[in-house]
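*Asks:* This is the structure I have questions about; it appears just below.
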Amino acid sequence: MLQSPRAVATNSSTYSIRTVVVPHRLELALFRALLDVRSGVNRLMPDWLERRTEPRFTATKRTYPWLRAAYPHLAAAWCTTIANETSAVRNAWRRALRRARHSPERFVRLNDAVPRRRRLKASLHPGLFRWNPVLRCLDVTIRRGAHVHIDLARLQHPLFWRYGEAANWRFGLTLRPSALLFHFRIPRSIESAVGAVGVDLNFDSADLATSDGKCVRIDLRPITRLQERCAQKRQSIARQLSKDLRHQRAVLRRYQGRERRRVAPLLHWSANELLAHAGLRALVLEDLNDATQSILRRELHRHSPATNRRLSAWTHGRLVEIVRYKARTPTVWVNPERTSQECPRCGGQLALPSEGKVLGSDGRNRMTRQLVCGECGGSWHRDVAAAIAVLARGCDILRGVTIAPSARSALLEAATWRPGSSDRSDGRTSSGLTVEPMKEDDAKSGPPSVVRTGSKAVGPPRRRWGR
Ligand SMILES: [Zn+2]
């Protein structure tokens, strides 16, 4: 039962928000205004909670005259700001209630307490601030005739200036006692995307297939190796520690934080590498939400403890998050189901080759990356085939992006299984069998660019390659 490709969600917003934090000791007048915002929020809250079903705009309108009377020394837009912040606190409280619905006592405790704003913070109404592009200073209004000028001409913050220019100095502003938060609204130029790139994420590699026929592999093994080392370290520590659970937990938490901090830069490097290869192409990613969980649940009994540990430490979610954040081109999400079981030539079902099963020392099948199509008999590299399937699904969604016949044959050529060169299941040789880790040039010089053009035409194109 092959499912038709469908879009899970399309990232169609034409703007992306980039926030820049500028450290700044707030001027006294603004600090006082922040105090007023906090007291205003806390005074409004009981009233807003009494009328639970009242929409935010109605509540703002109803309480506005009272706010104006209570804070006559602030401009009118400050009252709107106070109402907006009240709404934000109320929403956060509602979210917390929703999360707490599974533990009754926590729910009751939250439900009985009136939420309070404790931090000093305000996201200003756009009428309250102005940017002067000539003097490079920010002008914040307290009330008519009372302004605060913040001179930023000598600010050394490359991102601030770059994002500011890109956003044409349209931004939202949040005040905190020790920082200014600029939320720049940067147009995302959909037109700038040329072609598309499908990304298939695996344990130890990210495979890319582009609509102009390039296949690239990005090595993620440094990350998995680091995680493995950290897991071993944690195990050996747990063995030596006292049996006091509380003590153990505290120590292990420290080591977990260490792992996170060491993995993060590797993830950023991999994401940068991926985006450098993607260039101006639109990104097609698998919508892998809950994927690890469902795999774990479905196949828990089938995996060894080591595989389970790797599954739960799998960092694809964080990698995708970083890639998405850094991407300057549109992102398209596709259904991840069966992408690695779809023949890149005919769309038929792929299966493990019967002679390709290699038994490990534990009697289990070793993973081979070779797959054979049951319909056309083609023999494919699993990861490349999956990347091509992701790309094809993305092209179905992205109107106007197609795969040219020459690019198509180049992709098929790259996905064709070549015995001896690419079975890199583990690198470990427990059964006396030498498994070549990767091609030599791969291991040394990062991801190889498998680009071959001008190959023989392959069969009648029965598979859809985008409209
Ligand atoms: Zn086939």
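Residues are referred to by chain and number: the chain letter is A, B, ... according to the order shown in the structure tokens, the number counts from 1 in that chain, and ligands are numbered separately from 1 in the order shown.
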With DSSP run on the backbone, what are the helix (DSSP H, G or I) residues within segment 35-242 of chain A? I'd like them as a PyMOL selection string.

*Replies:* chain A and resi 35-50+56-70+76-102+104-112+126-128+158-166+190-192+221-240

*Asks:* Taking only C-alpha atoms and all ligand atoms into account, which residues are within 8 Å of ligand 1, as JSON, numbers by chain?

*Replies:* {"A": [342, 343, 344, 345, 346, 347, 348, 349, 350, 372, 373, 374, 375, 376, 377, 378]}

*Asks:* Would you save the residues of that selection, restricted to C-alpha atoms, as a CSV table (one decimal), in the first residue's frame?

*Replies:*
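So the final result, stored in again_18.csv, reads:
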```csv
chain,number,residue,atom,x,y,z
A,342,GLU,CA,10.4,3.5,-3.1
A,343,CYS,CA,12.2,2.7,-6.4
A,344,PRO,CA,13.7,5.8,-7.8
A,345,ARG,CA,13.1,4.5,-11.4
A,346,CYS,CA,9.6,3.1,-11.3
A,347,GLY,CA,8.2,3.8,-7.9
A,348,GLY,CA,7.9,0.1,-7.1
A,349,GLN,CA,8.5,-1.4,-3.7
A,350,LEU,CA,12.1,-1.9,-2.6
A,372,VAL,CA,16.3,-4.2,-4.9
A,373,CYS,CA,13.2,-3.2,-6.7
A,374,GLY,CA,10.6,-5.9,-6.9
A,375,GLU,CA,9.2,-4.5,-10.1
A,376,CYS,CA,12.0,-3.4,-12.4
A,377,GLY,CA,14.8,-5.3,-10.7
A,378,GLY,CA,17.0,-2.3,-10.2
```

*Asks:* Apply DSSP to the structure's backbone, then extract all residues of segment 70-258 of chain A labelled strand (DSSP E or B) and return them as a compact mmCIF listing (two decimals) with C-alpha atoms, in the first residue's frame.

*Replies:*
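The result, written out as selection05.txt:
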```txt
# COMPACT_ATOMS: atom_id res chain seq x y z
CA ALA A 122 7.40 44.79 27.32
CA SER A 123 6.95 44.28 23.60
CA PHE A 129 9.37 53.76 18.73
CA ARG A 130 11.03 55.12 15.61
CA TRP A 131 14.34 54.35 13.98
CA ASN A 132 16.34 57.20 12.55
CA CYS A 137 19.40 56.18 16.82
CA LEU A 138 16.25 54.79 18.33
CA ASP A 139 13.56 57.11 19.63
CA VAL A 140 11.13 55.71 22.22
CA THR A 141 8.11 57.72 23.25
CA ILE A 142 7.08 57.92 26.90
CA ARG A 143 4.32 60.47 26.31
CA ALA A 146 8.86 63.07 26.45
CA HIS A 147 11.15 60.84 24.42
CA VAL A 148 14.16 58.68 25.10
CA HIS A 149 16.93 58.65 22.51
CA ILE A 150 19.10 55.59 22.34
CA ASP A 151 22.17 56.13 20.24
CA PHE A 171 11.22 45.63 13.28
CA GLY A 172 9.42 44.91 16.52
CA LEU A 173 11.02 46.02 19.77
CA THR A 174 11.02 44.32 23.16
CA LEU A 175 12.42 46.11 26.20
CA ARG A 176 14.13 44.37 29.08
CA ALA A 179 18.71 44.50 26.79
CA LEU A 180 16.87 45.66 23.71
CA LEU A 181 15.42 42.90 21.54
CA PHE A 182 15.03 43.78 17.89
CA HIS A 183 12.74 41.47 15.91
CA PHE A 184 13.61 42.12 12.29
CA ARG A 185 11.09 41.18 9.66
CA ILE A 186 13.08 39.90 6.73
CA PRO A 187 11.38 39.16 3.43
CA ALA A 196 14.98 21.98 -5.07
CA VAL A 197 17.05 19.68 -2.92
CA GLY A 198 15.69 16.57 -1.19
CA VAL A 199 17.28 15.65 2.14
CA ASP A 200 17.20 12.18 3.63
CA LEU A 201 18.43 11.99 7.22
CA SER A 205 24.72 10.68 7.17
CA ALA A 206 22.49 13.22 5.52
CA ASP A 207 21.98 12.48 1.84
CA LEU A 208 21.09 15.19 -0.61
CA ALA A 209 19.62 14.88 -4.09
CA THR A 210 19.13 18.03 -6.14
CA CYS A 215 23.96 13.70 -5.08
CA VAL A 216 25.91 14.67 -1.99
CA ARG A 217 26.51 12.82 1.26
CA ILE A 218 27.17 14.72 4.48
CA ASP A 219 28.95 12.67 7.10
```

*Asks:* Pick the closest to Arg260 of chain A from A:Cys230, A:Val284, A:Val21, A:Leu30: which is it, counting only C-alpha atoms?

*Replies:*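 Looking only at the distances to Arg260 of chain A, the closest residue turns out to be A:Cys230.
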
*Asks:* In Å, with one decimal, what is the gap from atom CA of His125 of chain A to atom CA of Val89 of chain A?

*Replies:*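 Atom-to-atom, atom CA of His125 of chain A and atom CA of Val89 of chain A are spaced 16.3 Å apart.
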
*Asks:* Please indicate the distance in Å from atom CA of Thr329 of chain A to atom CA of Gly279 of chain A, rounded to one decimal place.

*Replies:* 8.6 Å

*Asks:* Could you work out how far atom CA of Ala327 of chain A lies from atom CA of Leu412 of chain A, giving the answer in Å with one decimal?

*Replies:*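 Separation between atom CA of Leu412 of chain A and atom CA of Ala327 of chain A: 27.1 Å.
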
*Asks:* Set the distance at 7 Å and use only C-alpha atoms: which residues neighbour Gly213 of chain A once local chain neighbours fewer than 5 positions away are removed? I'd like the list as number ranges by chain.

*Replies:* A: 407-408, 410-411

*Asks:* For Ile322 of chain A, please output as a list in words all residues within 8 Å (counting only C-alpha atoms; exclusion window: fewer than 4 positions along the same chain).

*Replies:* Leu267, His268, Ala271, Arg318 and Lys326 of chain A
